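Report on one structure; see the data block that follows.
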Amino acid sequence: MSHLKVKDLRAAGKDELLKKLTEFKKELSQLRVAQQVSGTASRLGRIGPIRKSIARILTVLNQNERDNLRKFYADKKMQASTPKSLKAKLTRKRRLALKDSEKNRKTRRQLRQAAKFPKRVFAVKI
């Protein structure tokens, strides 16, 4: 098996990716055994590329799963129960910042004061 291209992996289905993953893992375990037993350098050079291929497959699988979950939680009803791992990371300051509706809220006292003392409007001639 040669080097895998991520573009091809994205086009493949989940079952096909899992099948490739098991094949690569089997081959990797065989190479690890060969490494301990004899150590022919020609075959052992394949350990690195196989590990990278396994990582590529796992990355594509995880990305696909996250995309599907994002689509599932995109609905307005499900928005509140979105898992933390799918929410935007942002910075701590921006995560903890008040939302616009929370910023503009007024206390009972502020509302009462605003009703008693409305903002004065001046008619100024220029």
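FYI, nothing fancy with the structure tokens labels: chains A, B, ... in order, residues from 1 per chain, ligands from 1 as they appear.
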Go through chain A and collect every residue that DSSP, computed from the backbone, puts in alpha helix (DSSP H); the answer should be as a VMD selection string.
-> chain A and resid 6 to 11 14 to 37 41 to 44 47 to 73 92 to 96 100 to 103 108 to 116
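Once Gly45 of chain A and its same-chain neighbours fewer than 4 positions away are set aside, Leu28, Leu31, Arg32, Ala34, Gln35, Gly39, Thr40, Ala41, Pro49, Ile50 and Arg51 of chain A remain within 12 Å of it when counting only C-alpha atoms.
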Could you give me, as a PyMOL selection string, the residues within 9 Å of Lys20 of chain A, counting only C-alpha atoms and dropping anything in the same chain fewer than 4 positions from it?
-> chain A and resi 15-16+24-25+54+57
Using the selection just defined, write its residues with N, CA, C and O atoms as an mmCIF file, in the first residue's frame.
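Result saved to selection_0.cif:
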data_model
loop_
_atom_site.group_PDB
_atom_site.id
_atom_site.type_symbol
_atom_site.label_atom_id
_atom_site.label_comp_id
_atom_site.auth_asym_id
_atom_site.auth_seq_id
_atom_site.Cartn_x
_atom_site.Cartn_y
_atom_site.Cartn_z
ATOM 1 N N ASP A 15 -17.205 2.733 6.162
ATOM 2 C CA ASP A 15 -16.865 1.308 6.191
ATOM 3 C C ASP A 15 -15.528 1.054 5.506
ATOM 4 O O ASP A 15 -14.692 0.284 6.005
ATOM 5 N N GLU A 16 -15.336 1.713 4.373
ATOM 6 C CA GLU A 16 -14.086 1.542 3.628
ATOM 7 C C GLU A 16 -12.899 2.060 4.444
ATOM 8 O O GLU A 16 -11.830 1.433 4.478
ATOM 9 N N PHE A 24 -4.036 -1.487 7.795
ATOM 10 C CA PHE A 24 -2.802 -0.797 8.161
ATOM 11 C C PHE A 24 -2.333 -1.216 9.553
ATOM 12 O O PHE A 24 -1.135 -1.385 9.796
ATOM 13 N N LYS A 25 -3.263 -1.387 10.477
ATOM 14 C CA LYS A 25 -2.877 -1.779 11.829
ATOM 15 C C LYS A 25 -2.282 -3.184 11.847
ATOM 16 O O LYS A 25 -1.313 -3.452 12.571
ATOM 17 N N ILE A 54 -2.256 5.702 9.133
ATOM 18 C CA ILE A 54 -3.233 5.416 10.188
ATOM 19 C C ILE A 54 -3.735 6.734 10.781
ATOM 20 O O ILE A 54 -4.939 6.926 10.983
ATOM 21 N N ILE A 57 -6.166 8.455 8.376
ATOM 22 C CA ILE A 57 -7.484 7.810 8.367
ATOM 23 C C ILE A 57 -8.270 8.201 9.613
ATOM 24 O O ILE A 57 -9.447 8.569 9.538
#
Determine, using only C-alpha atoms, which residues of segment 55-74 of chain A have any atom at most 12 Å from an atom of segment 5-9 of chain A, and tabulate each with its shortest atom pair and distance in Å to one decimal place, rows ordered by chain and then rising number, as JSON lines.
{"residue": "A:Ala55", "atom": "CA", "partner": "A:Val6", "partner_atom": "CA", "distance": 10.6}
{"residue": "A:Arg56", "atom": "CA", "partner": "A:Val6", "partner_atom": "CA", "distance": 6.8}
{"residue": "A:Ile57", "atom": "CA", "partner": "A:Leu9", "partner_atom": "CA", "distance": 6.9}
{"residue": "A:Leu58", "atom": "CA", "partner": "A:Leu9", "partner_atom": "CA", "distance": 10.1}
{"residue": "A:Thr59", "atom": "CA", "partner": "A:Val6", "partner_atom": "CA", "distance": 9.3}
{"residue": "A:Val60", "atom": "CA", "partner": "A:Leu9", "partner_atom": "CA", "distance": 6.9}
{"residue": "A:Leu61", "atom": "CA", "partner": "A:Leu9", "partner_atom": "CA", "distance": 9.0}
{"residue": "A:Gln63", "atom": "CA", "partner": "A:Leu9", "partner_atom": "CA", "distance": 11.4}
{"residue": "A:Asn64", "atom": "CA", "partner": "A:Leu9", "partner_atom": "CA", "distance": 10.7}
Write a file of the just-selected residues containing N, CA and C atoms, as a PDB file, in the first residue's frame.
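Written output follows (result_11.pdb):
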ATOM      1  N   ALA A  55      -2.813   7.654  11.018  1.00  0.00           N
ATOM      2  CA  ALA A  55      -3.191   8.954  11.585  1.00  0.00           C
ATOM      3  C   ALA A  55      -4.102   9.717  10.634  1.00  0.00           C
ATOM      4  N   ARG A  56      -3.811   9.660   9.339  1.00  0.00           N
ATOM      5  CA  ARG A  56      -4.658  10.342   8.349  1.00  0.00           C
ATOM      6  C   ARG A  56      -6.069   9.777   8.357  1.00  0.00           C
ATOM      7  N   ILE A  57      -6.166   8.455   8.376  1.00  0.00           N
ATOM      8  CA  ILE A  57      -7.484   7.810   8.367  1.00  0.00           C
ATOM      9  C   ILE A  57      -8.270   8.201   9.613  1.00  0.00           C
ATOM     10  N   LEU A  58      -7.617   8.147  10.774  1.00  0.00           N
ATOM     11  CA  LEU A  58      -8.303   8.504  12.023  1.00  0.00           C
ATOM     12  C   LEU A  58      -8.734   9.965  12.023  1.00  0.00           C
ATOM     13  N   THR A  59      -7.883  10.827  11.462  1.00  0.00           N
ATOM     14  CA  THR A  59      -8.216  12.249  11.388  1.00  0.00           C
ATOM     15  C   THR A  59      -9.463  12.459  10.540  1.00  0.00           C
ATOM     16  N   VAL A  60      -9.513  11.820   9.372  1.00  0.00           N
ATOM     17  CA  VAL A  60     -10.671  11.977   8.489  1.00  0.00           C
ATOM     18  C   VAL A  60     -11.923  11.420   9.157  1.00  0.00           C
ATOM     19  N   LEU A  61     -11.803  10.271   9.827  1.00  0.00           N
ATOM     20  CA  LEU A  61     -12.962   9.694  10.525  1.00  0.00           C
ATOM     21  C   LEU A  61     -13.488  10.647  11.599  1.00  0.00           C
ATOM     22  N   GLN A  63     -13.014  13.924  11.814  1.00  0.00           N
ATOM     23  CA  GLN A  63     -13.559  15.142  11.206  1.00  0.00           C
ATOM     24  C   GLN A  63     -14.958  14.899  10.658  1.00  0.00           C
ATOM     25  N   ASN A  64     -15.148  13.742  10.014  1.00  0.00           N
ATOM     26  CA  ASN A  64     -16.478  13.421   9.476  1.00  0.00           C
ATOM     27  C   ASN A  64     -17.495  13.307  10.604  1.00  0.00           C
TER      28      ASN A  64
END
What is the distance, in Å and to one decimal place, between atom CA of His3 of chain A and atom CA of Ser53 of chain A?
->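 So the two atoms, atom CA of His3 of chain A and atom CA of Ser53 of chain A, lie 7.0 Å apart.
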Which residues of segment 52-79 of chain A have any atom within 12 Å of an atom in segment 87-96 of chain A when counting only C-alpha atoms, and what is the closest pair of atoms for each, with the distance in Å to one decimal? Order the rows by chain and rising number and write it as CSV.
residue,atom,partner,partner_atom,distance
A:Arg66,CA,A:Lys87,CA,11.0
A:Leu69,CA,A:Lys87,CA,11.1
A:Arg70,CA,A:Lys87,CA,9.1
A:Tyr73,CA,A:Lys87,CA,10.2
A:Ala74,CA,A:Lys87,CA,10.9
A:Gln79,CA,A:Lys87,CA,9.7
Separation of atom CA of Ala80 of chain A from atom CA of Leu98 of chain A in Å | 16.2 Å
